[in-house]
$ cat start-v5.cif   # mmCIF, C-alpha atoms
data_entry
loop_
_atom_site.group_PDB
_atom_site.id
_atom_site.type_symbol
_atom_site.label_atom_id
_atom_site.label_comp_id
_atom_site.auth_asym_id
_atom_site.auth_seq_id
_atom_site.Cartn_x
_atom_site.Cartn_y
_atom_site.Cartn_z
ATOM 1 C CA MET A 1 118.860 78.109 84.922
ATOM 2 C CA PHE A 2 118.138 81.611 86.150
ATOM 3 C CA GLY A 3 114.395 81.254 85.628
ATOM 4 C CA LEU A 4 114.209 78.078 87.690
ATOM 5 C CA GLU A 5 116.392 79.282 90.549
ATOM 6 C CA HIS A 6 114.691 82.670 90.745
ATOM 7 C CA CYS A 7 111.296 80.971 90.955
ATOM 8 C CA VAL A 8 112.431 79.272 94.155
ATOM 9 C CA PHE A 9 113.687 82.613 95.500
ATOM 10 C CA ALA A 10 110.469 84.439 94.566
ATOM 11 C CA ASP A 11 108.389 81.785 96.327
ATOM 12 C CA GLN A 12 110.309 82.200 99.581
ATOM 13 C CA PHE A 13 110.887 85.958 99.717
ATOM 14 C CA PRO A 14 107.488 87.081 101.130
ATOM 15 C CA ARG A 15 107.628 84.371 103.781
ATOM 16 C CA TRP A 16 110.753 85.899 105.271
ATOM 17 C CA PHE A 17 108.923 89.157 105.833
ATOM 18 C CA GLY A 18 106.173 87.177 107.549
ATOM 19 C CA HIS A 19 108.674 85.814 110.059
ATOM 20 C CA ILE A 20 110.231 89.227 110.670
ATOM 21 C CA ILE A 21 106.871 90.917 111.240
ATOM 22 C CA GLY A 22 106.167 88.652 114.210
ATOM 23 C CA ASN A 23 109.289 89.949 115.985
ATOM 24 C CA CYS A 24 109.027 93.598 114.902
ATOM 25 C CA PRO A 25 107.768 96.246 117.367
ATOM 26 C CA ALA A 26 108.138 99.108 114.863
ATOM 27 C CA LEU A 27 104.804 99.982 113.235
ATOM 28 C CA ASP A 28 106.306 101.716 110.206
ATOM 29 C CA ALA A 29 108.483 98.705 109.418
ATOM 30 C CA ARG A 30 105.563 96.304 109.855
ATOM 31 C CA GLN A 31 103.393 98.438 107.579
ATOM 32 C CA TYR A 32 106.082 98.435 104.913
ATOM 33 C CA MET A 33 106.564 94.662 105.068
ATOM 34 C CA ILE A 34 102.824 93.921 105.061
ATOM 35 C CA ASP A 35 102.325 96.199 102.069
ATOM 36 C CA ASN A 36 105.284 94.552 100.328
ATOM 37 C CA MET A 37 103.845 91.090 100.956
ATOM 38 C CA PHE A 38 100.420 92.189 99.719
ATOM 39 C CA VAL A 39 101.893 93.452 96.454
ATOM 40 C CA GLU A 40 103.990 90.312 96.057
ATOM 41 C CA GLU A 41 101.326 87.746 96.902
ATOM 42 C CA VAL A 42 97.809 89.213 96.776
ATOM 43 C CA HIS A 43 97.444 92.080 94.332
ATOM 44 C CA ASP A 44 99.994 93.986 92.300
ATOM 45 C CA PRO A 45 98.121 96.715 90.415
ATOM 46 C CA THR A 46 100.690 96.691 87.622
ATOM 47 C CA ILE A 47 100.200 93.040 86.564
ATOM 48 C CA GLY A 48 97.511 90.369 86.519
ATOM 49 C CA THR A 49 99.156 87.777 88.789
ATOM 50 C CA GLY A 50 101.308 87.556 91.922
ATOM 51 C CA HIS A 51 105.060 87.880 91.697
ATOM 52 C CA TYR A 52 105.721 84.154 92.126
ATOM 53 C CA GLU A 53 103.129 83.202 89.519
ATOM 54 C CA SER A 54 104.515 85.743 87.077
ATOM 55 C CA MET A 55 108.009 84.342 87.623
ATOM 56 C CA VAL A 56 106.681 80.850 86.878
ATOM 57 C CA ASP A 57 105.185 82.215 83.644
ATOM 58 C CA PHE A 58 108.640 83.526 82.733
ATOM 59 C CA ALA A 59 110.297 80.154 83.386
ATOM 60 C CA VAL A 60 107.620 78.334 81.371
ATOM 61 C CA ALA A 61 108.092 80.747 78.471
ATOM 62 C CA LEU A 62 111.789 79.831 78.517
ATOM 63 C CA GLY A 63 110.831 76.213 77.840
ATOM 64 C CA HIS A 64 110.314 74.587 81.241
ATOM 65 C CA ASP A 65 107.300 72.427 82.039
ATOM 66 C CA ARG A 66 104.962 74.257 84.444
ATOM 67 C CA ASP A 67 104.493 71.306 86.799
ATOM 68 C CA PHE A 68 108.255 70.829 86.947
ATOM 69 C CA VAL A 69 108.767 74.519 87.798
ATOM 70 C CA LEU A 70 106.103 74.409 90.511
ATOM 71 C CA GLY A 71 107.765 71.403 92.129
ATOM 72 C CA TYR A 72 111.371 72.492 91.676
ATOM 73 C CA GLN A 73 113.261 72.929 94.965
ATOM 74 C CA GLY A 74 116.426 74.643 93.744
ATOM 75 C CA ALA A 75 120.065 73.751 93.208
ATOM 76 C CA VAL A 76 122.250 73.170 96.263
ATOM 77 C CA TYR A 77 123.642 76.701 96.111
ATOM 78 C CA THR A 78 120.105 78.107 95.999
ATOM 79 C CA LYS A 79 119.106 76.044 99.009
ATOM 80 C CA MET A 80 122.180 77.278 100.889
ATOM 81 C CA ALA A 81 121.461 80.939 100.074
ATOM 82 C CA LEU A 82 117.806 80.573 101.037
ATOM 83 C CA ALA A 83 118.820 78.897 104.297
ATOM 84 C CA TYR A 84 120.811 82.027 105.210
ATOM 85 C CA TRP A 85 117.839 84.357 104.642
ATOM 86 C CA ASP A 86 115.398 81.952 106.287
ATOM 87 C CA ARG A 87 117.545 81.714 109.421
ATOM 88 C CA ALA A 88 117.972 85.496 109.484
ATOM 89 C CA ALA A 89 114.207 86.016 109.244
ATOM 90 C CA ARG A 90 113.364 83.453 111.919
ATOM 91 C CA ALA A 91 116.140 83.851 114.461
ATOM 92 C CA TRP A 92 117.747 87.304 114.316
ATOM 93 C CA PRO A 93 116.570 90.545 115.955
ATOM 94 C CA TRP A 94 114.113 92.230 113.624
ATOM 95 C CA LEU A 95 116.396 95.071 112.484
ATOM 96 C CA GLU A 96 119.195 92.683 111.541
ATOM 97 C CA ALA A 97 116.775 90.333 109.801
ATOM 98 C CA PHE A 98 115.243 93.258 107.938
ATOM 99 C CA ALA A 99 118.672 94.391 106.754
ATOM 100 C CA ALA A 100 119.486 90.907 105.449
ATOM 101 C CA VAL A 101 116.176 90.353 103.651
ATOM 102 C CA ALA A 102 114.913 93.789 102.629
ATOM 103 C CA GLY A 103 118.470 94.779 101.755
ATOM 104 C CA LEU A 104 118.060 92.614 98.658
ATOM 105 C CA GLU A 105 115.524 95.131 97.366
ATOM 106 C CA ALA A 106 117.500 98.133 98.561
ATOM 107 C CA ALA A 107 120.282 97.137 96.185
ATOM 108 C CA ARG A 108 117.955 97.896 93.245
ATOM 109 C CA GLY A 109 116.688 101.297 94.384
ATOM 110 C CA PRO A 110 117.607 104.752 93.099
ATOM 111 C CA MET A 111 119.567 105.704 96.224
ATOM 112 C CA VAL A 112 122.013 102.889 95.530
ATOM 113 C CA ALA A 113 121.905 103.446 91.771
ATOM 114 C CA ALA A 114 123.037 107.036 92.323
ATOM 115 C CA LEU A 115 126.241 105.673 93.870
ATOM 116 C CA GLY A 116 127.137 103.233 91.095
ATOM 117 C CA ASN A 117 125.977 100.147 89.245
ATOM 118 C CA VAL A 118 123.019 98.082 90.405
ATOM 119 C CA ALA A 119 121.748 94.673 89.346
ATOM 120 C CA SER A 120 120.088 95.177 85.968
ATOM 121 C CA LEU A 121 117.021 92.957 86.184
ATOM 122 C CA LYS A 122 114.772 95.213 84.173
ATOM 123 C CA ARG A 123 112.238 94.075 81.608
ATOM 124 C CA SER A 124 114.452 95.473 78.845
ATOM 125 C CA VAL A 125 117.133 92.885 79.671
ATOM 126 C CA TRP A 126 114.779 90.066 78.668
ATOM 127 C CA GLU A 127 112.901 91.666 75.768
ATOM 128 C CA PRO A 128 115.493 90.542 73.160
ATOM 129 C CA LEU A 129 114.367 86.952 73.879
ATOM 130 C CA GLY A 130 111.129 87.708 72.037
ATOM 131 C CA LEU A 131 108.864 86.228 74.707
ATOM 132 C CA TYR A 132 105.157 87.018 74.847
ATOM 133 C CA ASP A 133 104.090 89.936 77.021
ATOM 134 C CA GLN A 134 102.704 87.937 79.946
ATOM 135 C CA ALA A 135 106.037 86.131 80.307
ATOM 136 C CA LEU A 136 107.749 89.432 81.071
ATOM 137 C CA GLU A 137 105.224 90.774 83.568
ATOM 138 C CA HIS A 138 107.399 89.783 86.534
ATOM 139 C CA TRP A 139 110.093 92.200 85.433
ATOM 140 C CA SER A 140 107.612 94.990 84.784
ATOM 141 C CA ALA A 141 106.258 94.522 88.316
ATOM 142 C CA GLY A 142 109.740 94.547 89.825
ATOM 143 C CA GLU A 143 110.581 97.792 88.086
ATOM 144 C CA ALA A 144 107.374 99.437 89.288
ATOM 145 C CA ALA A 145 107.845 98.284 92.894
ATOM 146 C CA ASP A 146 111.586 98.654 93.458
ATOM 147 C CA LEU A 147 113.075 101.208 91.102
ATOM 148 C CA PRO A 148 111.105 104.470 91.479
ATOM 149 C CA GLU A 149 112.075 107.058 94.056
ATOM 150 C CA GLY A 150 110.258 106.131 97.254
ATOM 151 C CA GLY A 151 109.724 102.533 96.095
ATOM 152 C CA HIS A 152 110.697 99.367 97.921
ATOM 153 C CA GLY A 153 114.389 99.954 97.283
ATOM 154 C CA ASP A 154 114.441 103.412 98.850
ATOM 155 C CA MET A 155 111.981 102.608 101.656
ATOM 156 C CA THR A 156 114.207 99.814 102.926
ATOM 157 C CA LEU A 157 117.097 102.230 103.404
ATOM 158 C CA LYS A 158 114.860 104.854 105.019
ATOM 159 C CA ILE A 159 113.553 102.359 107.555
ATOM 160 C CA LEU A 160 117.050 101.103 108.323
ATOM 161 C CA ALA A 161 118.328 104.667 108.751
ATOM 162 C CA ARG A 162 115.431 105.504 111.078
ATOM 163 C CA HIS A 163 115.850 102.508 113.362
ATOM 164 C CA ALA A 164 119.613 101.995 113.300
ATOM 165 C CA ASP A 165 119.825 104.797 115.842
ATOM 166 C CA SER A 166 123.179 104.080 117.427
ATOM 167 C CA ASP A 167 126.720 103.622 116.187
ATOM 168 C CA GLU A 168 126.564 99.957 117.159
ATOM 169 C CA LYS A 169 123.345 99.336 115.223
ATOM 170 C CA GLN A 170 124.599 101.245 112.196
ATOM 171 C CA THR A 171 127.827 99.250 112.105
ATOM 172 C CA ARG A 172 125.903 95.978 112.373
ATOM 173 C CA VAL A 173 123.377 96.952 109.687
ATOM 174 C CA LEU A 174 126.090 98.003 107.236
ATOM 175 C CA ALA A 175 127.955 94.737 107.821
ATOM 176 C CA LEU A 176 124.794 92.738 107.171
ATOM 177 C CA LEU A 177 123.968 94.677 104.016
ATOM 178 C CA GLN A 178 127.424 93.818 102.716
ATOM 179 C CA GLU A 179 127.042 90.184 103.753
ATOM 180 C CA THR A 180 123.599 89.665 102.210
ATOM 181 C CA MET A 181 124.802 91.217 98.930
ATOM 182 C CA GLN A 182 127.826 88.904 98.888
ATOM 183 C CA ILE A 183 125.551 85.901 99.320
ATOM 184 C CA ARG A 184 123.223 87.112 96.585
ATOM 185 C CA TRP A 185 126.094 87.693 94.165
ATOM 186 C CA LEU A 186 127.586 84.279 94.998
ATOM 187 C CA HIS A 187 124.163 82.828 94.230
ATOM 188 C CA PHE A 188 124.053 84.660 90.894
ATOM 189 C CA ASP A 189 127.610 83.599 90.078
ATOM 190 C CA ASN A 190 126.727 79.939 90.577
ATOM 191 C CA ILE A 191 123.644 80.284 88.396
ATOM 192 C CA GLY A 192 125.790 81.908 85.724
ATOM 193 C CA ARG A 193 128.356 79.128 85.807
ATOM 194 C CA ASP A 194 125.671 76.465 85.474
ATOM 195 C CA ALA A 195 124.048 78.387 82.608
ATOM 196 C CA LEU A 196 127.363 78.659 80.767
ATOM 197 C CA LYS A 197 128.021 74.965 81.335
ATOM 198 C CA ALA A 198 124.568 74.057 80.003
ATOM 199 C CA SER A 199 125.315 76.190 76.921
ATOM 200 C CA GLY A 200 128.522 74.299 76.257
ATOM 201 C CA VAL A 201 130.813 77.188 77.165
ATOM 202 C CA ASP A 202 134.200 76.229 78.576
ATOM 203 C CA PHE A 203 135.470 78.378 81.431
#
$ encode --input "start-v5.cif" --output "structure tokens"
Amino acid sequence: MFGLEHCVFADQFPRWFGHIIGNCPALDARQYMIDNMFVEEVHDPTIGTGHYESMVDFAVALGHDRDFVLGYQGAVYTKMALAYWDRAARAWPWLEAFAAVAGLEAARGPMVAALGNVASLKRSVWEPLGLYDQALEHWSAGEAADLPEGGHGDMTLKILARHADSDEKQTRVLALLQETMQIRWLHFDNIGRDALKASGVDF
């Protein structure tokens, strides 16, 4: 379940930055988002494919047919979560949209990790499955991009801190970071319930 739903998410994520860039007057934020999109979609020096393609490889290694994965549109709860981020990227002021979308990466960075637990989506989580190396490249790439000091996780917070330059903006950004994390965790919770159900676990 997770592999399929995360493929849909990975396909959409760079597009949201594309929408935000068109409304963003801040050069440093645009540079960050363009670089992020380039790594996601064009060339990641740490792996041989783009992030979406590497996620598809992961789902296929878990037993899904590649054509099915490529055509899969997501469960209802995935579509609802993606609709939130898509609307944010298209319709909100750039700083608010950036908080909602880029905040998803900020939650994995070392600044947040220093304050408590973060989502553990590292390669090591999946290695016990015994999949071939290429199937795990997506998680290697995510670690290299998001987790180091100064990576995508930290840069998101630095950009937000730089441009949320009033009490009103700071309050709004913090509220949106909380909201986007709640939506992401609700999304994960629904995936988990479906995975348990598919495994025959009663809950």
$ closest_residue --input "start-v5.cif" --among "A:Leu62, A:Val76, A:Ala198, A:Val173" --to "Gly130 in chain A" --atoms "only C-alpha atoms"
A:Leu62
$ atom_distance --input "start-v5.cif" --atom1 "CA of Ala59 in chain A" --atom2 "CA of Leu136 in chain A"
9.9 Å
$ closest_residue --input "start-v5.cif" --among "A:Ser140, A:Ser199, A:Asn190, A:Gln73" --to "Lys122 in chain A" --atoms "all atoms listed in the file"
A:Ser140
$ resolve_selection --input "start-v5.cif" --expression "the PyMOL selection byres ((chain A and resi 103) around 12)" --output "number ranges by chain"
A: 13, 17, 85, 95-102, 104-109, 112, 146, 152-160, 173-184
$ atom_distance --input "start-v5.cif" --atom1 "CA of Gly48 in chain A" --atom2 "CA of Gln31 in chain A"
23.3 Å
$ atom_distance --input "start-v5.cif" --atom1 "CA of Pro93 in chain A" --atom2 "CA of Arg172 in chain A"
11.4 Å
$ resolve_selection --input "start-v5.cif" --expression "the PyMOL selection byres ((chain A and resi 61) around 12)" --output "VMD selection string"
chain A and resid 3 to 4 54 to 60 62 to 66 69 126 129 to 137
$ write_last_selection --input "start-v5.cif" --atoms "C-alpha atoms" --output "PDB file, keeping the file's coordinate frame"
ATOM      1  CA  GLY A   3     114.395  81.254  85.628  1.00  0.00           C
ATOM      2  CA  LEU A   4     114.209  78.078  87.690  1.00  0.00           C
ATOM      3  CA  SER A  54     104.515  85.743  87.077  1.00  0.00           C
ATOM      4  CA  MET A  55     108.009  84.342  87.623  1.00  0.00           C
ATOM      5  CA  VAL A  56     106.681  80.850  86.878  1.00  0.00           C
ATOM      6  CA  ASP A  57     105.185  82.215  83.644  1.00  0.00           C
ATOM      7  CA  PHE A  58     108.640  83.526  82.733  1.00  0.00           C
ATOM      8  CA  ALA A  59     110.297  80.154  83.386  1.00  0.00           C
ATOM      9  CA  VAL A  60     107.620  78.334  81.371  1.00  0.00           C
ATOM     10  CA  LEU A  62     111.789  79.831  78.517  1.00  0.00           C
ATOM     11  CA  GLY A  63     110.831  76.213  77.840  1.00  0.00           C
ATOM     12  CA  HIS A  64     110.314  74.587  81.241  1.00  0.00           C
ATOM     13  CA  ASP A  65     107.300  72.427  82.039  1.00  0.00           C
ATOM     14  CA  ARG A  66     104.962  74.257  84.444  1.00  0.00           C
ATOM     15  CA  VAL A  69     108.767  74.519  87.798  1.00  0.00           C
ATOM     16  CA  TRP A 126     114.779  90.066  78.668  1.00  0.00           C
ATOM     17  CA  LEU A 129     114.367  86.952  73.879  1.00  0.00           C
ATOM     18  CA  GLY A 130     111.129  87.708  72.037  1.00  0.00           C
ATOM     19  CA  LEU A 131     108.864  86.228  74.707  1.00  0.00           C
ATOM     20  CA  TYR A 132     105.157  87.018  74.847  1.00  0.00           C
ATOM     21  CA  ASP A 133     104.090  89.936  77.021  1.00  0.00           C
ATOM     22  CA  GLN A 134     102.704  87.937  79.946  1.00  0.00           C
ATOM     23  CA  ALA A 135     106.037  86.131  80.307  1.00  0.00           C
ATOM     24  CA  LEU A 136     107.749  89.432  81.071  1.00  0.00           C
ATOM     25  CA  GLU A 137     105.224  90.774  83.568  1.00  0.00           C
TER      26      GLU A 137
END
$ closest_residue --input "start-v5.cif" --among "A:Tyr77, A:His138, A:Ala10, A:Ala29" --to "Asp189 in chain A" --atoms "only C-alpha atoms"
A:Tyr77
$ residues_around --input "start-v5.cif" --residues "His19 in chain A" --least-positions-apart "6" --cutoff "10 Å" --atoms "only C-alpha atoms" --output "list in words"
Asp86, Arg87, Ala88, Ala89, Arg90, Ala91, Trp94 and Ala97 of chain A
$ write_last_selection --input "start-v5.cif" --atoms "C-alpha atoms" --output "mmCIF file, keeping the file's coordinate frame"
data_model
loop_
_atom_site.group_PDB
_atom_site.id
_atom_site.type_symbol
_atom_site.label_atom_id
_atom_site.label_comp_id
_atom_site.auth_asym_id
_atom_site.auth_seq_id
_atom_site.Cartn_x
_atom_site.Cartn_y
_atom_site.Cartn_z
ATOM 1 C CA ASP A 86 115.398 81.952 106.287
ATOM 2 C CA ARG A 87 117.545 81.714 109.421
ATOM 3 C CA ALA A 88 117.972 85.496 109.484
ATOM 4 C CA ALA A 89 114.207 86.016 109.244
ATOM 5 C CA ARG A 90 113.364 83.453 111.919
ATOM 6 C CA ALA A 91 116.140 83.851 114.461
ATOM 7 C CA TRP A 94 114.113 92.230 113.624
ATOM 8 C CA ALA A 97 116.775 90.333 109.801
#
$ residues_around --input "start-v5.cif" --residues "Met1 in chain A" --least-positions-apart "2" --cutoff "8 Å" --atoms "all atoms listed in the file" --output "mmCIF file with C-alpha atoms, in the coordinates of the input"
data_model
loop_
_atom_site.group_PDB
_atom_site.id
_atom_site.type_symbol
_atom_site.label_atom_id
_atom_site.label_comp_id
_atom_site.auth_asym_id
_atom_site.auth_seq_id
_atom_site.Cartn_x
_atom_site.Cartn_y
_atom_site.Cartn_z
ATOM 1 C CA GLY A 3 114.395 81.254 85.628
ATOM 2 C CA LEU A 4 114.209 78.078 87.690
ATOM 3 C CA GLU A 5 116.392 79.282 90.549
ATOM 4 C CA ILE A 191 123.644 80.284 88.396
ATOM 5 C CA GLY A 192 125.790 81.908 85.724
ATOM 6 C CA ASP A 194 125.671 76.465 85.474
ATOM 7 C CA ALA A 195 124.048 78.387 82.608
#
$ closest_residue --input "start-v5.cif" --among "A:Tyr72, A:Tyr52, A:Phe2, A:Tyr84" --to "Trp16 in chain A" --atoms "only C-alpha atoms"
A:Tyr84
$ build_atoms --input "start-v5.cif" --residues "range 76-96 of chain A" --atoms "N, CA and C atoms" --output "PDB file, in the frame of the given file"
ATOM      1  N   VAL A  76     121.676  73.144  94.910  1.00  0.00           N
ATOM      2  CA  VAL A  76     122.250  73.170  96.263  1.00  0.00           C
ATOM      3  C   VAL A  76     122.630  74.591  96.664  1.00  0.00           C
ATOM      4  N   TYR A  77     123.227  75.349  95.744  1.00  0.00           N
ATOM      5  CA  TYR A  77     123.642  76.701  96.111  1.00  0.00           C
ATOM      6  C   TYR A  77     122.441  77.607  96.368  1.00  0.00           C
ATOM      7  N   THR A  78     121.318  77.344  95.704  1.00  0.00           N
ATOM      8  CA  THR A  78     120.105  78.107  95.999  1.00  0.00           C
ATOM      9  C   THR A  78     119.580  77.745  97.378  1.00  0.00           C
ATOM     10  N   LYS A  79     119.563  76.472  97.687  1.00  0.00           N
ATOM     11  CA  LYS A  79     119.106  76.044  99.009  1.00  0.00           C
ATOM     12  C   LYS A  79     119.971  76.637 100.110  1.00  0.00           C
ATOM     13  N   MET A  80     121.278  76.717  99.877  1.00  0.00           N
ATOM     14  CA  MET A  80     122.180  77.278 100.889  1.00  0.00           C
ATOM     15  C   MET A  80     121.936  78.774 101.071  1.00  0.00           C
ATOM     16  N   ALA A  81     121.734  79.505  99.973  1.00  0.00           N
ATOM     17  CA  ALA A  81     121.461  80.939 100.074  1.00  0.00           C
ATOM     18  C   ALA A  81     120.129  81.176 100.787  1.00  0.00           C
ATOM     19  N   LEU A  82     119.114  80.405 100.405  1.00  0.00           N
ATOM     20  CA  LEU A  82     117.806  80.573 101.037  1.00  0.00           C
ATOM     21  C   LEU A  82     117.849  80.220 102.523  1.00  0.00           C
ATOM     22  N   ALA A  83     118.689  79.259 102.888  1.00  0.00           N
ATOM     23  CA  ALA A  83     118.820  78.897 104.297  1.00  0.00           C
ATOM     24  C   ALA A  83     119.376  80.061 105.117  1.00  0.00           C
ATOM     25  N   TYR A  84     120.274  80.847 104.517  1.00  0.00           N
ATOM     26  CA  TYR A  84     120.811  82.027 105.210  1.00  0.00           C
ATOM     27  C   TYR A  84     119.688  83.027 105.489  1.00  0.00           C
ATOM     28  N   TRP A  85     118.903  83.368 104.454  1.00  0.00           N
ATOM     29  CA  TRP A  85     117.839  84.357 104.642  1.00  0.00           C
ATOM     30  C   TRP A  85     116.719  83.831 105.526  1.00  0.00           C
ATOM     31  N   ASP A  86     116.435  82.537 105.444  1.00  0.00           N
ATOM     32  CA  ASP A  86     115.398  81.952 106.287  1.00  0.00           C
ATOM     33  C   ASP A  86     115.808  81.997 107.759  1.00  0.00           C
ATOM     34  N   ARG A  87     117.059  81.659 108.033  1.00  0.00           N
ATOM     35  CA  ARG A  87     117.545  81.714 109.421  1.00  0.00           C
ATOM     36  C   ARG A  87     117.545  83.146 109.930  1.00  0.00           C
ATOM     37  N   ALA A  88     117.983  84.090 109.088  1.00  0.00           N
ATOM     38  CA  ALA A  88     117.972  85.496 109.484  1.00  0.00           C
ATOM     39  C   ALA A  88     116.561  85.932 109.863  1.00  0.00           C
ATOM     40  N   ALA A  89     115.583  85.585 109.017  1.00  0.00           N
ATOM     41  CA  ALA A  89     114.207  86.016 109.244  1.00  0.00           C
ATOM     42  C   ALA A  89     113.609  85.400 110.497  1.00  0.00           C
ATOM     43  N   ARG A  90     113.964  84.167 110.792  1.00  0.00           N
ATOM     44  CA  ARG A  90     113.364  83.453 111.919  1.00  0.00           C
ATOM     45  C   ARG A  90     114.058  83.728 113.249  1.00  0.00           C
ATOM     46  N   ALA A  91     115.377  83.904 113.220  1.00  0.00           N
ATOM     47  CA  ALA A  91     116.140  83.851 114.461  1.00  0.00           C
ATOM     48  C   ALA A  91     116.803  85.163 114.886  1.00  0.00           C
ATOM     49  N   TRP A  92     117.010  86.085 113.972  1.00  0.00           N
ATOM     50  CA  TRP A  92     117.747  87.304 114.316  1.00  0.00           C
ATOM     51  C   TRP A  92     116.819  88.383 114.865  1.00  0.00           C
ATOM     52  N   PRO A  93     117.363  89.359 115.597  1.00  0.00           N
ATOM     53  CA  PRO A  93     116.570  90.545 115.955  1.00  0.00           C
ATOM     54  C   PRO A  93     116.006  91.196 114.697  1.00  0.00           C
ATOM     55  N   TRP A  94     114.842  91.811 114.815  1.00  0.00           N
ATOM     56  CA  TRP A  94     114.113  92.230 113.624  1.00  0.00           C
ATOM     57  C   TRP A  94     114.920  93.166 112.728  1.00  0.00           C
ATOM     58  N   LEU A  95     115.670  94.107 113.304  1.00  0.00           N
ATOM     59  CA  LEU A  95     116.396  95.071 112.484  1.00  0.00           C
ATOM     60  C   LEU A  95     117.487  94.377 111.671  1.00  0.00           C
ATOM     61  N   GLU A  96     118.160  93.430 112.263  1.00  0.00           N
ATOM     62  CA  GLU A  96     119.195  92.683 111.541  1.00  0.00           C
ATOM     63  C   GLU A  96     118.570  91.818 110.457  1.00  0.00           C
TER      64      GLU A  96
END
